[in-house]
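**Student:** Contents of structure-v7.cif (mmCIF, C-alpha atoms) are given next:
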data_data
#
loop_
_atom_site.group_PDB
_atom_site.id
_atom_site.type_symbol
_atom_site.label_atom_id
_atom_site.label_comp_id
_atom_site.auth_asym_id
_atom_site.auth_seq_id
_atom_site.Cartn_x
_atom_site.Cartn_y
_atom_site.Cartn_z
ATOM 1 C CA MET A 281 0.000 0.000 0.000
ATOM 2 C CA PRO A 282 1.357 3.420 -0.922
ATOM 3 C CA PHE A 283 0.745 4.675 2.621
ATOM 4 C CA TRP A 284 3.468 2.395 3.979
ATOM 5 C CA ALA A 285 5.756 2.864 0.981
ATOM 6 C CA GLU A 286 5.729 6.585 1.688
ATOM 7 C CA MET A 287 6.183 6.141 5.433
ATOM 8 C CA VAL A 288 9.045 3.680 5.133
ATOM 9 C CA GLY A 289 10.758 5.230 2.113
ATOM 10 C CA VAL A 290 10.757 2.528 -0.557
ATOM 11 C CA PRO A 291 13.042 3.148 -3.580
ATOM 12 C CA ARG A 292 10.395 2.258 -6.210
ATOM 13 C CA THR A 293 6.805 1.196 -5.605
ATOM 14 C CA LEU A 294 3.986 -0.188 -7.692
ATOM 15 C CA ALA A 295 0.872 0.415 -5.598
ATOM 16 C CA VAL A 296 -1.832 -2.141 -6.329
ATOM 17 C CA GLU A 297 -5.333 -1.859 -4.861
ATOM 18 C CA PHE A 298 -5.643 -5.519 -3.899
ATOM 19 C CA PRO A 299 -6.549 -6.917 -0.459
ATOM 20 C CA PHE A 300 -3.913 -7.530 2.191
ATOM 21 C CA GLY A 301 -1.912 -10.719 1.546
ATOM 22 C CA HIS A 302 -2.889 -10.787 -2.150
ATOM 23 C CA ILE A 303 -0.502 -8.249 -3.596
ATOM 24 C CA LEU A 304 -0.039 -10.142 -6.883
ATOM 25 C CA GLY A 305 -3.610 -11.285 -7.334
ATOM 26 C CA HIS A 306 -5.929 -14.230 -6.907
ATOM 27 C CA PRO A 307 -4.578 -17.748 -6.304
ATOM 28 C CA GLY A 308 -4.372 -19.755 -9.516
ATOM 29 C CA ARG A 309 -4.795 -16.729 -11.791
ATOM 30 C CA ASN A 310 -1.340 -16.885 -13.326
ATOM 31 C CA ALA A 311 -2.040 -14.312 -16.036
ATOM 32 C CA GLN A 312 -3.213 -11.764 -13.466
ATOM 33 C CA GLN A 313 -0.128 -12.377 -11.304
ATOM 34 C CA LEU A 314 2.116 -12.004 -14.347
ATOM 35 C CA ASP A 315 0.405 -8.753 -15.363
ATOM 36 C CA VAL A 316 1.141 -7.221 -11.965
ATOM 37 C CA ILE A 317 4.760 -8.405 -12.062
ATOM 38 C CA LEU A 318 5.279 -7.007 -15.571
ATOM 39 C CA GLU A 319 3.864 -3.674 -14.410
ATOM 40 C CA ALA A 320 6.287 -3.743 -11.462
ATOM 41 C CA LEU A 321 9.187 -4.509 -13.814
ATOM 42 C CA ASN A 322 8.142 -1.537 -15.921
ATOM 43 C CA VAL A 323 8.295 0.653 -12.804
ATOM 44 C CA LEU A 324 11.753 -0.710 -12.141
ATOM 45 C CA GLU A 325 12.847 0.452 -15.588
ATOM 46 C CA ILE A 326 11.190 3.863 -15.731
ATOM 47 C CA ALA A 327 11.572 5.198 -12.160
ATOM 48 C CA LYS A 328 14.429 7.662 -12.200
ATOM 49 C CA GLN A 329 14.487 8.945 -8.657
ATOM 50 C CA PRO A 330 14.010 7.431 -5.174
ATOM 51 C CA GLY A 331 10.617 7.314 -3.537
ATOM 52 C CA LEU A 332 8.393 7.365 -6.624
ATOM 53 C CA ILE A 333 5.081 5.531 -6.244
ATOM 54 C CA PHE A 334 3.215 4.392 -9.349
ATOM 55 C CA HIS A 335 -0.492 3.639 -8.973
ATOM 56 C CA SER A 336 -1.748 0.616 -10.869
ATOM 57 C CA GLU A 337 -5.063 0.805 -12.707
ATOM 58 C CA LYS A 338 -5.793 -2.819 -11.824
ATOM 59 C CA ARG A 339 -8.771 -3.489 -9.573
ATOM 60 C CA TRP A 340 -9.695 -6.518 -7.488
ATOM 61 C CA GLY A 341 -13.195 -7.011 -8.888
ATOM 62 C CA GLU A 342 -14.834 -8.428 -5.802
ATOM 63 C CA ASN A 343 -17.245 -6.945 -3.299
ATOM 64 C CA VAL A 344 -15.150 -4.884 -0.873
ATOM 65 C CA ARG A 345 -16.871 -6.131 2.273
ATOM 66 C CA ILE A 346 -16.458 -9.755 1.241
ATOM 67 C CA ALA A 347 -12.807 -9.212 0.267
ATOM 68 C CA ILE A 348 -12.098 -7.633 3.668
ATOM 69 C CA GLU A 349 -13.696 -10.565 5.453
ATOM 70 C CA LYS A 350 -11.805 -13.137 3.369
ATOM 71 C CA TRP A 351 -8.260 -11.936 3.959
ATOM 72 C CA GLN A 352 -8.616 -11.642 7.726
ATOM 73 C CA PRO A 353 -7.621 -14.488 10.046
ATOM 74 C CA ASP A 354 -10.335 -16.600 11.639
ATOM 75 C CA VAL A 355 -9.108 -15.443 15.049
ATOM 76 C CA PRO A 356 -8.136 -11.775 15.530
ATOM 77 C CA SER A 357 -4.386 -11.306 15.923
ATOM 78 C CA PRO A 358 -3.084 -10.997 19.500
ATOM 79 C CA VAL A 359 -2.350 -7.278 19.168
ATOM 80 C CA ILE A 360 -5.837 -6.569 17.788
ATOM 81 C CA ASN A 361 -7.280 -8.477 20.728
ATOM 82 C CA LEU A 362 -5.147 -6.426 23.054
ATOM 83 C CA MET A 363 -5.754 -3.029 21.463
ATOM 84 C CA SER A 364 -9.240 -3.198 19.922
ATOM 85 C CA GLY A 365 -11.095 -1.846 22.970
ATOM 86 C CA ARG A 366 -8.725 1.100 23.265
ATOM 87 C CA ILE A 367 -8.803 1.872 19.523
ATOM 88 C CA ARG A 368 -12.611 1.732 19.423
ATOM 89 C CA GLU A 369 -12.683 4.164 22.314
ATOM 90 C CA LEU A 370 -10.291 6.510 20.492
ATOM 91 C CA ILE A 371 -12.431 6.348 17.320
ATOM 92 C CA LYS A 372 -15.551 7.107 19.356
ATOM 93 C CA ASN A 373 -13.883 10.058 21.111
ATOM 94 C CA SER A 374 -12.596 11.366 17.807
ATOM 95 C CA LYS A 375 -16.122 11.264 16.317
ATOM 96 C CA GLU A 376 -17.578 13.028 19.346
ATOM 97 C CA ARG A 377 -14.967 15.773 19.080
ATOM 98 C CA LYS A 378 -15.783 16.250 15.369
ATOM 99 C CA ASN A 379 -19.515 16.417 16.113
ATOM 100 C CA LYS A 380 -18.948 19.151 18.687
ATOM 101 C CA LEU A 381 -17.055 21.332 16.205
ATOM 102 C CA MET B 211 -6.082 6.917 -10.787
ATOM 103 C CA THR B 212 -4.840 7.163 -7.207
ATOM 104 C CA ILE B 213 -5.430 4.032 -5.204
ATOM 105 C CA ASP B 214 -6.800 3.909 -1.677
ATOM 106 C CA SER B 215 -4.366 2.316 0.792
ATOM 107 C CA PHE B 216 -7.146 1.608 3.245
ATOM 108 C CA LYS B 217 -9.866 0.295 0.929
ATOM 109 C CA TYR B 218 -9.495 -3.335 2.021
ATOM 110 C CA LEU B 219 -8.744 -2.700 5.681
ATOM 111 C CA PRO B 220 -11.245 -2.819 8.541
ATOM 112 C CA ARG B 221 -11.778 0.574 10.145
ATOM 113 C CA ILE B 222 -10.003 -0.432 13.339
ATOM 114 C CA ILE B 223 -6.796 -1.404 11.497
ATOM 115 C CA SER B 224 -6.910 1.711 9.317
ATOM 116 C CA TYR B 225 -7.119 3.840 12.436
ATOM 117 C CA TYR B 226 -4.286 1.853 14.035
ATOM 118 C CA TYR B 227 -2.047 2.448 10.994
ATOM 119 C CA LYS B 228 -2.940 6.111 10.557
ATOM 120 C CA THR B 229 -2.315 6.967 14.188
ATOM 121 C CA THR B 230 0.832 4.911 14.789
ATOM 122 C CA ALA B 231 2.851 5.184 11.564
ATOM 123 C CA ILE B 232 5.870 7.448 11.700
ATOM 124 C CA LYS B 233 7.473 8.650 8.489
ATOM 125 C CA SER B 234 11.106 7.620 8.167
ATOM 126 C CA THR B 235 13.599 10.460 8.088
ATOM 127 C CA LYS B 236 16.317 8.273 6.598
ATOM 128 C CA GLU B 237 17.531 8.794 3.060
ATOM 129 C CA ILE B 238 15.752 6.470 0.630
ATOM 130 C CA PRO B 239 18.230 3.910 -0.721
ATOM 131 C CA TRP B 240 18.755 4.114 -4.470
ATOM 132 C CA GLN B 241 20.571 2.285 -7.232
ATOM 133 C CA THR B 242 20.065 2.775 -10.937
ATOM 134 C CA ILE B 243 19.657 -0.255 -13.174
ATOM 135 C CA LYS B 244 22.832 -0.754 -15.098
ATOM 136 C CA LYS B 245 21.692 -3.302 -17.671
ATOM 137 C CA PRO B 246 18.541 -4.488 -19.452
ATOM 138 C CA LEU B 247 16.077 -6.628 -17.493
ATOM 139 C CA SER B 248 16.900 -9.517 -19.813
ATOM 140 C CA GLU B 249 20.389 -9.537 -18.305
ATOM 141 C CA CYS B 250 19.409 -8.910 -14.666
ATOM 142 C CA ARG B 251 19.387 -11.572 -11.967
ATOM 143 C CA PHE B 252 16.400 -11.223 -9.632
ATOM 144 C CA GLY B 253 15.811 -12.053 -5.999
ATOM 145 C CA LEU B 254 12.446 -12.335 -4.263
ATOM 146 C CA VAL B 255 11.612 -11.276 -0.720
ATOM 147 C CA THR B 256 8.230 -11.370 0.957
ATOM 148 C CA SER B 257 7.047 -10.432 4.416
ATOM 149 C CA GLY B 258 4.262 -13.009 4.254
ATOM 150 C CA GLY B 259 5.623 -15.325 6.954
ATOM 151 C CA LEU B 260 6.381 -18.168 4.498
ATOM 152 C CA PHE B 261 8.701 -21.085 5.271
ATOM 153 C CA ASP B 262 9.611 -24.532 3.967
ATOM 154 C CA ARG B 263 7.818 -26.913 6.310
ATOM 155 C CA THR B 264 10.230 -29.736 5.458
ATOM 156 C CA ILE B 265 13.288 -27.751 6.545
ATOM 157 C CA ASP B 266 12.514 -24.851 8.863
ATOM 158 C CA PRO B 267 10.371 -24.129 11.904
ATOM 159 C CA PRO B 268 7.510 -21.617 11.621
ATOM 160 C CA PHE B 269 8.006 -18.039 12.727
ATOM 161 C CA ASP B 270 7.649 -17.732 16.476
ATOM 162 C CA VAL B 271 3.941 -16.955 16.617
ATOM 163 C CA GLU B 272 3.651 -18.803 19.920
ATOM 164 C CA ARG B 273 5.720 -16.095 21.579
ATOM 165 C CA GLU B 274 3.641 -13.438 19.804
ATOM 166 C CA LYS B 275 0.494 -14.950 21.286
ATOM 167 C CA VAL B 276 1.999 -14.497 24.754
ATOM 168 C CA GLU B 277 3.606 -11.144 23.943
ATOM 169 C CA PRO B 278 1.228 -9.444 21.469
ATOM 170 C CA THR B 279 3.429 -6.383 21.114
ATOM 171 C CA TRP B 280 6.346 -8.486 19.807
ATOM 172 C CA GLY B 281 6.891 -9.884 16.295
ATOM 173 C CA ASP B 282 9.469 -12.441 15.128
ATOM 174 C CA PRO B 283 12.217 -10.563 13.198
ATOM 175 C CA THR B 284 13.976 -13.628 11.740
ATOM 176 C CA TYR B 285 13.726 -14.833 8.145
ATOM 177 C CA ARG B 286 13.462 -18.111 6.268
ATOM 178 C CA LYS B 287 15.405 -19.168 3.176
ATOM 179 C CA ILE B 288 13.232 -20.893 0.575
ATOM 180 C CA SER B 289 14.559 -22.905 -2.352
ATOM 181 C CA ASN B 290 12.921 -22.130 -5.677
ATOM 182 C CA ASP B 291 12.130 -25.785 -6.288
ATOM 183 C CA ILE B 292 9.852 -25.915 -3.233
ATOM 184 C CA LYS B 293 6.610 -27.758 -3.787
ATOM 185 C CA GLN B 294 3.328 -26.000 -3.019
ATOM 186 C CA GLN B 295 2.380 -28.548 -0.356
ATOM 187 C CA ASN B 296 5.630 -27.890 1.533
ATOM 188 C CA MET B 297 5.114 -24.135 1.836
ATOM 189 C CA GLY B 298 4.056 -23.148 5.338
ATOM 190 C CA VAL B 299 2.568 -19.828 6.433
ATOM 191 C CA SER B 300 2.958 -18.501 9.961
ATOM 192 C CA HIS B 301 1.411 -15.057 10.131
ATOM 193 C CA LEU B 302 -1.316 -14.332 12.681
ATOM 194 C CA HIS B 303 -2.554 -11.238 10.827
ATOM 195 C CA ILE B 304 -3.795 -12.824 7.611
ATOM 196 C CA ASN B 305 -5.937 -15.750 6.552
ATOM 197 C CA PRO B 306 -3.390 -18.151 4.979
ATOM 198 C CA VAL B 307 -5.888 -20.160 2.900
ATOM 199 C CA ASP B 308 -5.155 -18.488 -0.452
ATOM 200 C CA ILE B 309 -1.374 -18.582 0.069
ATOM 201 C CA ILE B 310 -1.510 -22.268 0.969
ATOM 202 C CA SER B 311 -3.441 -22.733 -2.263
ATOM 203 C CA ASP B 312 -0.960 -20.723 -4.393
ATOM 204 C CA PHE B 313 2.104 -19.123 -2.794
ATOM 205 C CA ASN B 314 2.741 -17.133 -5.998
ATOM 206 C CA ILE B 315 0.255 -14.500 -4.845
ATOM 207 C CA LEU B 316 2.958 -13.436 -2.373
ATOM 208 C CA LEU B 317 6.172 -15.131 -3.475
ATOM 209 C CA PRO B 318 6.009 -15.366 -7.278
ATOM 210 C CA ILE B 319 8.681 -18.003 -7.838
ATOM 211 C CA HIS B 320 6.825 -19.764 -10.646
ATOM 212 C CA ARG B 321 6.015 -16.528 -12.479
ATOM 213 C CA PHE B 322 9.677 -15.467 -12.362
ATOM 214 C CA VAL B 323 10.808 -18.858 -13.631
ATOM 215 C CA GLU B 324 8.429 -18.309 -16.561
ATOM 216 C CA LEU B 325 9.905 -14.843 -17.152
ATOM 217 C CA GLU B 326 13.385 -16.377 -17.099
ATOM 218 C CA ASN B 327 12.350 -19.052 -19.603
ATOM 219 C CA GLU B 328 10.964 -16.337 -21.883
ATOM 220 C CA ASN B 329 14.180 -14.282 -21.551
ATOM 221 C CA ILE B 330 12.252 -11.312 -20.184
ATOM 222 C CA ILE B 331 14.555 -11.397 -17.168
ATOM 223 C CA GLY B 332 18.073 -12.767 -17.042
ATOM 224 C CA SER B 333 17.603 -15.247 -14.202
ATOM 225 C CA LEU B 334 16.082 -15.869 -10.788
ATOM 226 C CA SER B 335 18.213 -16.448 -7.711
ATOM 227 C CA ARG B 336 18.007 -20.057 -6.539
ATOM 228 C CA PHE B 337 16.753 -18.964 -3.129
ATOM 229 C CA SER B 338 14.032 -16.577 -2.038
ATOM 230 C CA TYR B 339 13.547 -15.173 1.453
ATOM 231 C CA SER B 340 10.596 -14.560 3.719
ATOM 232 C CA PHE B 341 10.171 -12.383 6.743
ATOM 233 C CA MET B 342 6.993 -12.077 8.804
ATOM 234 C CA GLY B 343 5.531 -8.614 8.414
ATOM 235 C CA TYR B 344 4.250 -7.956 11.913
ATOM 236 C CA GLN B 345 7.110 -6.409 13.879
ATOM 237 C CA GLY B 346 5.363 -5.511 17.089
ATOM 238 C CA PHE B 347 3.484 -2.581 18.478
ATOM 239 C CA PRO B 348 4.856 -0.031 18.056
ATOM 240 C CA PRO B 349 6.755 -1.592 15.129
ATOM 241 C CA ASN B 350 10.393 -2.297 15.932
ATOM 242 C CA THR B 351 12.507 -2.991 12.859
ATOM 243 C CA ALA B 352 15.895 -2.613 14.556
ATOM 244 C CA SER B 353 16.720 -6.327 14.209
ATOM 245 C CA TRP B 354 15.830 -6.214 10.525
ATOM 246 C CA GLU B 355 17.994 -3.177 9.930
ATOM 247 C CA GLU B 356 20.939 -4.235 12.069
ATOM 248 C CA ARG B 357 21.102 -7.947 11.288
ATOM 249 C CA TYR B 358 18.571 -9.897 9.277
ATOM 250 C CA ALA B 359 17.988 -7.658 6.250
ATOM 251 C CA THR B 360 21.745 -7.212 5.971
ATOM 252 C CA GLU B 361 22.234 -10.988 5.935
ATOM 253 C CA VAL B 362 19.696 -11.396 3.140
ATOM 254 C CA ALA B 363 21.185 -8.516 1.149
ATOM 255 C CA GLU B 364 24.663 -10.043 1.498
ATOM 256 C CA ALA B 365 23.369 -13.435 0.349
ATOM 257 C CA PHE B 366 21.825 -11.832 -2.733
ATOM 258 C CA ILE B 367 25.004 -9.892 -3.516
ATOM 259 C CA LYS B 368 27.058 -13.086 -3.184
ATOM 260 C CA ASP B 369 24.660 -14.757 -5.617
ATOM 261 C CA GLY B 370 25.033 -11.964 -8.161
ATOM 262 C CA VAL B 371 21.520 -10.573 -7.767
ATOM 263 C CA ASP B 372 20.931 -7.213 -9.446
ATOM 264 C CA CYS B 373 17.309 -6.471 -8.492
ATOM 265 C CA VAL B 374 14.973 -7.531 -5.687
ATOM 266 C CA LEU B 375 11.173 -7.577 -5.693
ATOM 267 C CA LEU B 376 9.674 -7.135 -2.226
ATOM 268 C CA THR B 377 6.097 -8.289 -1.813
ATOM 269 C CA PRO B 378 4.700 -7.096 1.520
ATOM 270 C CA SER B 379 2.123 -8.621 3.808
#
I need this file expressed as structure tokens, please.
**Tutor:**
Amino acid sequence: MPFWAEMVGVPRTLAVEFPFGHILGHPGRNAQQLDVILEALNVLEIAKQPGLIFHSEKRWGENVRIAIEKWQPDVPSPVINLMSGRIRELIKNSKERKNKL
Amino acid sequence: MTIDSFKYLPRIISYYYKTTAIKSTKEIPWQTIKKPLSECRFGLVTSGGLFDRTIDPPFDVEREKVEPTWGDPTYRKISNDIKQQNMGVSHLHINPVDIISDFNILLPIHRFVELENENIIGSLSRFSYSFMGYQGFPPNTASWEERYATEVAEAFIKDGVDCVLLTPS
């Protein structure tokens, strides 16, 4: 995701709007995987300065809600278990602050 | 068209990322490509938590379960002739079903072998490498920077690798 590429400082990035854990595409769809790789190789050739992020036009083609559900683990990760209550509270407080403004 | 980094993330994880990420102030590493792709040797690195179940242990997710703010910083070396059924996934933050079905969605060994056979790239390094992307809360990548990433980079240099594709997860 370009957010992290920018935060970390990646030399060259092809940003692809695919779900987490599926950066090259669907399992078994070799042509789709190859298309993404060829686009990344093109970025490798044309990027002329560090930190450039190229945004792919490719789209996942599946309902967003379903795709989000599918990539997530059956059991929430330990840190999500640990932090979820606190984060939900922060989101709620943030919304309340916005509503007051 | 600009893509949305958070489109496929639950709201709680988006918030977690947006409020905890700190932009690096380090200079971005850079090397120009000195020859055509058809002459370049490629290496593959993923942070998908992959490992060869016949050779290596999983990443230490048992410790992560006990210490949720810690993530295993080590890596696994994976031979390019690994069979699909021998590829393990130890990553508590993703559903591994699709990777177990086809590891090329994260570590595209077979696609790069095809590119090598078609002379689109020069060659693929015999070994690929996997890290496990979760590095604690807040993220601590010191071990990657000081030891493990250096070891992988040195292995690639020794093998004559010109370019590396990193596929994150």
**Student:** As a PyMOL selection string, please: the residues near range 323-337 of chain A (cut-off 10 Å, all atoms listed in the file, same-chain neighbours under 5 positions excluded).
**Tutor:** (chain A and resi 281-283+285-286+288-297+316-318) or (chain B and resi 211-214+237-243+245-247+373-375)
**Student:** What would the file look like if the residues just selected were written as an mmCIF file, keeping the file's coordinate frame with C-alpha atoms?
**Tutor:**
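Final file, selection09.cif:
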data_model
loop_
_atom_site.group_PDB
_atom_site.id
_atom_site.type_symbol
_atom_site.label_atom_id
_atom_site.label_comp_id
_atom_site.auth_asym_id
_atom_site.auth_seq_id
_atom_site.Cartn_x
_atom_site.Cartn_y
_atom_site.Cartn_z
ATOM 1 C CA MET A 281 0.000 0.000 0.000
ATOM 2 C CA PRO A 282 1.357 3.420 -0.922
ATOM 3 C CA PHE A 283 0.745 4.675 2.621
ATOM 4 C CA ALA A 285 5.756 2.864 0.981
ATOM 5 C CA GLU A 286 5.729 6.585 1.688
ATOM 6 C CA VAL A 288 9.045 3.680 5.133
ATOM 7 C CA GLY A 289 10.758 5.230 2.113
ATOM 8 C CA VAL A 290 10.757 2.528 -0.557
ATOM 9 C CA PRO A 291 13.042 3.148 -3.580
ATOM 10 C CA ARG A 292 10.395 2.258 -6.210
ATOM 11 C CA THR A 293 6.805 1.196 -5.605
ATOM 12 C CA LEU A 294 3.986 -0.188 -7.692
ATOM 13 C CA ALA A 295 0.872 0.415 -5.598
ATOM 14 C CA VAL A 296 -1.832 -2.141 -6.329
ATOM 15 C CA GLU A 297 -5.333 -1.859 -4.861
ATOM 16 C CA VAL A 316 1.141 -7.221 -11.965
ATOM 17 C CA ILE A 317 4.760 -8.405 -12.062
ATOM 18 C CA LEU A 318 5.279 -7.007 -15.571
ATOM 19 C CA MET B 211 -6.082 6.917 -10.787
ATOM 20 C CA THR B 212 -4.840 7.163 -7.207
ATOM 21 C CA ILE B 213 -5.430 4.032 -5.204
ATOM 22 C CA ASP B 214 -6.800 3.909 -1.677
ATOM 23 C CA GLU B 237 17.531 8.794 3.060
ATOM 24 C CA ILE B 238 15.752 6.470 0.630
ATOM 25 C CA PRO B 239 18.230 3.910 -0.721
ATOM 26 C CA TRP B 240 18.755 4.114 -4.470
ATOM 27 C CA GLN B 241 20.571 2.285 -7.232
ATOM 28 C CA THR B 242 20.065 2.775 -10.937
ATOM 29 C CA ILE B 243 19.657 -0.255 -13.174
ATOM 30 C CA LYS B 245 21.692 -3.302 -17.671
ATOM 31 C CA PRO B 246 18.541 -4.488 -19.452
ATOM 32 C CA LEU B 247 16.077 -6.628 -17.493
ATOM 33 C CA CYS B 373 17.309 -6.471 -8.492
ATOM 34 C CA VAL B 374 14.973 -7.531 -5.687
ATOM 35 C CA LEU B 375 11.173 -7.577 -5.693
#
**Student:** Which residues, written as a list of chain:residue names, have at least one atom at most 12 Å from Val359 in chain A, with all atoms listed in the file counted and residues fewer than 4 positions away on the same chain left out?
**Tutor:**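 The residues that qualify are A:Val355, A:Met363, A:Ser364, A:Gly365, A:Arg366, A:Ile367, B:Ile222, B:Ile223, B:Tyr226, B:Val271, B:Glu274, B:Lys275, B:Val276, B:Glu277, B:Pro278, B:Thr279, B:Trp280, B:Gly281, B:Leu302, B:His303, B:Tyr344, B:Gln345, B:Gly346, B:Phe347, B:Pro348, B:Pro349.
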**Student:** Next, write the just-selected residues to a file, as a CSV table (one decimal), in the frame of the given file, keeping C-alpha atoms as the atom set.
**Tutor:**
chain,number,residue,atom,x,y,z
A,355,VAL,CA,-9.1,-15.4,15.0
A,363,MET,CA,-5.8,-3.0,21.5
A,364,SER,CA,-9.2,-3.2,19.9
A,365,GLY,CA,-11.1,-1.8,23.0
A,366,ARG,CA,-8.7,1.1,23.3
A,367,ILE,CA,-8.8,1.9,19.5
B,222,ILE,CA,-10.0,-0.4,13.3
B,223,ILE,CA,-6.8,-1.4,11.5
B,226,TYR,CA,-4.3,1.9,14.0
B,271,VAL,CA,3.9,-17.0,16.6
B,274,GLU,CA,3.6,-13.4,19.8
B,275,LYS,CA,0.5,-15.0,21.3
B,276,VAL,CA,2.0,-14.5,24.8
B,277,GLU,CA,3.6,-11.1,23.9
B,278,PRO,CA,1.2,-9.4,21.5
B,279,THR,CA,3.4,-6.4,21.1
B,280,TRP,CA,6.3,-8.5,19.8
B,281,GLY,CA,6.9,-9.9,16.3
B,302,LEU,CA,-1.3,-14.3,12.7
B,303,HIS,CA,-2.6,-11.2,10.8
B,344,TYR,CA,4.2,-8.0,11.9
B,345,GLN,CA,7.1,-6.4,13.9
B,346,GLY,CA,5.4,-5.5,17.1
B,347,PHE,CA,3.5,-2.6,18.5
B,348,PRO,CA,4.9,0.0,18.1
B,349,PRO,CA,6.8,-1.6,15.1
**Student:** To one decimal in Å, tell me the separation between CA of Met342 in chain B and CA of Phe300 in chain A.
**Tutor:**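 Computed distance, CA of Met342 in chain B to CA of Phe300 in chain A, equals 13.5 Å.
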**Student:** Counting only C-alpha atoms, which of B:Asn305, B:Thr264, B:Gln295, B:Thr256 gets nearest to chain A?
**Tutor:**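 Once distances to chain A are computed over only C-alpha atoms, the minimum belongs to B:Asn305.
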**Student:** Around all of range 332-346 of chain B's listed atoms, make the axis-aligned box with 5 Å on each side and tell me centre and edge lengths in Å to one decimal, as JSON.
**Tutor:**
{"center_x": 11.2, "center_y": -12.8, "center_z": 0.0, "size_x": 24.0, "size_y": 24.5, "size_z": 44.1}
**Student:** Got a sec to resolve the PyMOL selection byres ((chain B and resi 369) around 10) on this structure and send the residues as a PyMOL selection string?
**Tutor:** chain B and resi 251-253+335-337+363-368+370-372
**Student:** Write the residues of the selection above to a file with C-alpha atoms, as an mmCIF file, in the frame of the given file.
**Tutor:**
data_model
loop_
_atom_site.group_PDB
_atom_site.id
_atom_site.type_symbol
_atom_site.label_atom_id
_atom_site.label_comp_id
_atom_site.auth_asym_id
_atom_site.auth_seq_id
_atom_site.Cartn_x
_atom_site.Cartn_y
_atom_site.Cartn_z
ATOM 1 C CA ARG B 251 19.387 -11.572 -11.967
ATOM 2 C CA PHE B 252 16.400 -11.223 -9.632
ATOM 3 C CA GLY B 253 15.811 -12.053 -5.999
ATOM 4 C CA SER B 335 18.213 -16.448 -7.711
ATOM 5 C CA ARG B 336 18.007 -20.057 -6.539
ATOM 6 C CA PHE B 337 16.753 -18.964 -3.129
ATOM 7 C CA ALA B 363 21.185 -8.516 1.149
ATOM 8 C CA GLU B 364 24.663 -10.043 1.498
ATOM 9 C CA ALA B 365 23.369 -13.435 0.349
ATOM 10 C CA PHE B 366 21.825 -11.832 -2.733
ATOM 11 C CA ILE B 367 25.004 -9.892 -3.516
ATOM 12 C CA LYS B 368 27.058 -13.086 -3.184
ATOM 13 C CA GLY B 370 25.033 -11.964 -8.161
ATOM 14 C CA VAL B 371 21.520 -10.573 -7.767
ATOM 15 C CA ASP B 372 20.931 -7.213 -9.446
#
**Student:** From the set A:Asn379, A:Ser357, A:Asn322, A:Gln313, which residue has the shortest atom-to-atom contact distance to Phe313 in chain B, counting all atoms listed in the file?
**Tutor:** A:Gln313
**Student:** Which value, in Å to one decimal, gives the distance between CA of Ser353 in chain B and CA of Phe322 in chain B?
**Tutor:**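 Between these atoms lies a distance of 29.0 Å.
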**Student:** For the provided coordinates, the residues matched by the PyMOL selection byres ((chain B and resi 341) around 8) should be stated as a list of chain:residue names.
**Tutor:** B:Val255, B:Thr256, B:Ser257, B:Gly258, B:Gly259, B:Leu260, B:Pro283, B:Thr284, B:Tyr285, B:Arg286, B:Tyr339, B:Ser340, B:Met342, B:Gly343
**Student:** Pick from B:Val362, B:Ile330, B:Leu325, B:Ile315: nearest to chain A, with all atoms listed in the file counted?
**Tutor:**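 So, comparing all the options, the nearest one is B:Ile315.
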**Student:** Could you list, as a list of chain:residue names, every residue within 10 Å of Trp340 in chain A, counting all atoms listed in the file and ignoring same-chain residues fewer than 4 positions away?
**Tutor:** A:Val296, A:Glu297, A:Phe298, A:Pro299, A:His302, A:Gly305, A:His306, A:Val344, A:Ala347
**Student:** Now that the selection is made, can you save its residues with C-alpha atoms as a PDB file, in the frame of the given file?
**Tutor:**
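Resulting contents of again01.pdb:
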ATOM      1  CA  VAL A 296      -1.832  -2.141  -6.329  1.00  0.00           C
ATOM      2  CA  GLU A 297      -5.333  -1.859  -4.861  1.00  0.00           C
ATOM      3  CA  PHE A 298      -5.643  -5.519  -3.899  1.00  0.00           C
ATOM      4  CA  PRO A 299      -6.549  -6.917  -0.459  1.00  0.00           C
ATOM      5  CA  HIS A 302      -2.889 -10.787  -2.150  1.00  0.00           C
ATOM      6  CA  GLY A 305      -3.610 -11.285  -7.334  1.00  0.00           C
ATOM      7  CA  HIS A 306      -5.929 -14.230  -6.907  1.00  0.00           C
ATOM      8  CA  VAL A 344     -15.150  -4.884  -0.873  1.00  0.00           C
ATOM      9  CA  ALA A 347     -12.807  -9.212   0.267  1.00  0.00           C
TER      10      ALA A 347
END
**Student:** Would you please work out which residue, of A:Gly341, A:Ile346, A:Asn373, A:Gly301, is nearest to chain B when using all atoms listed in the file?
**Tutor:**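 Among the listed residues, the smallest separation from chain B belongs to A:Gly301.
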**Student:** When the PyMOL selection byres ((chain B and resi 307) around 12) is applied to the file above, which residues end up in the set, as a PyMOL selection string?
**Tutor:** (chain A and resi 301-302+306-307+350-354) or (chain B and resi 297-301+304-306+308-313+315)
**Student:** When distances are computed from all atoms listed in the file, which of B:Asp270, B:Glu324, B:Asp291, B:Glu361 shows the smallest separation from chain A?
**Tutor:**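 Going through B:Asp270, B:Glu324, B:Asp291, B:Glu361 one by one, the smallest distance to chain A is for B:Glu324.
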**Student:** Find the distance between CA of Tyr358 in chain B and CA of Ile360 in chain A and write it in Å to one decimal.
**Tutor:**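 If I compute the distance from CA of Tyr358 in chain B to CA of Ile360 in chain A, I get 26.1 Å.
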**Student:** Counting all atoms listed in the file, find residues at most 7 Å from (8.9, 11.9, 3.7) (file frame) and give them as a list in words.
**Tutor:**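 In the file's frame, the residues around the point are Glu286 and Met287 of chain A; Lys233, Ser234 and Thr235 of chain B.
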**Student:** My list of candidates is B:Ala352, B:Leu317, B:Ala359, B:Ile265. Which is closest to chain A when distances are computed with all atoms listed in the file?
**Tutor:**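 Among the listed residues, the smallest separation from chain A belongs to B:Leu317.
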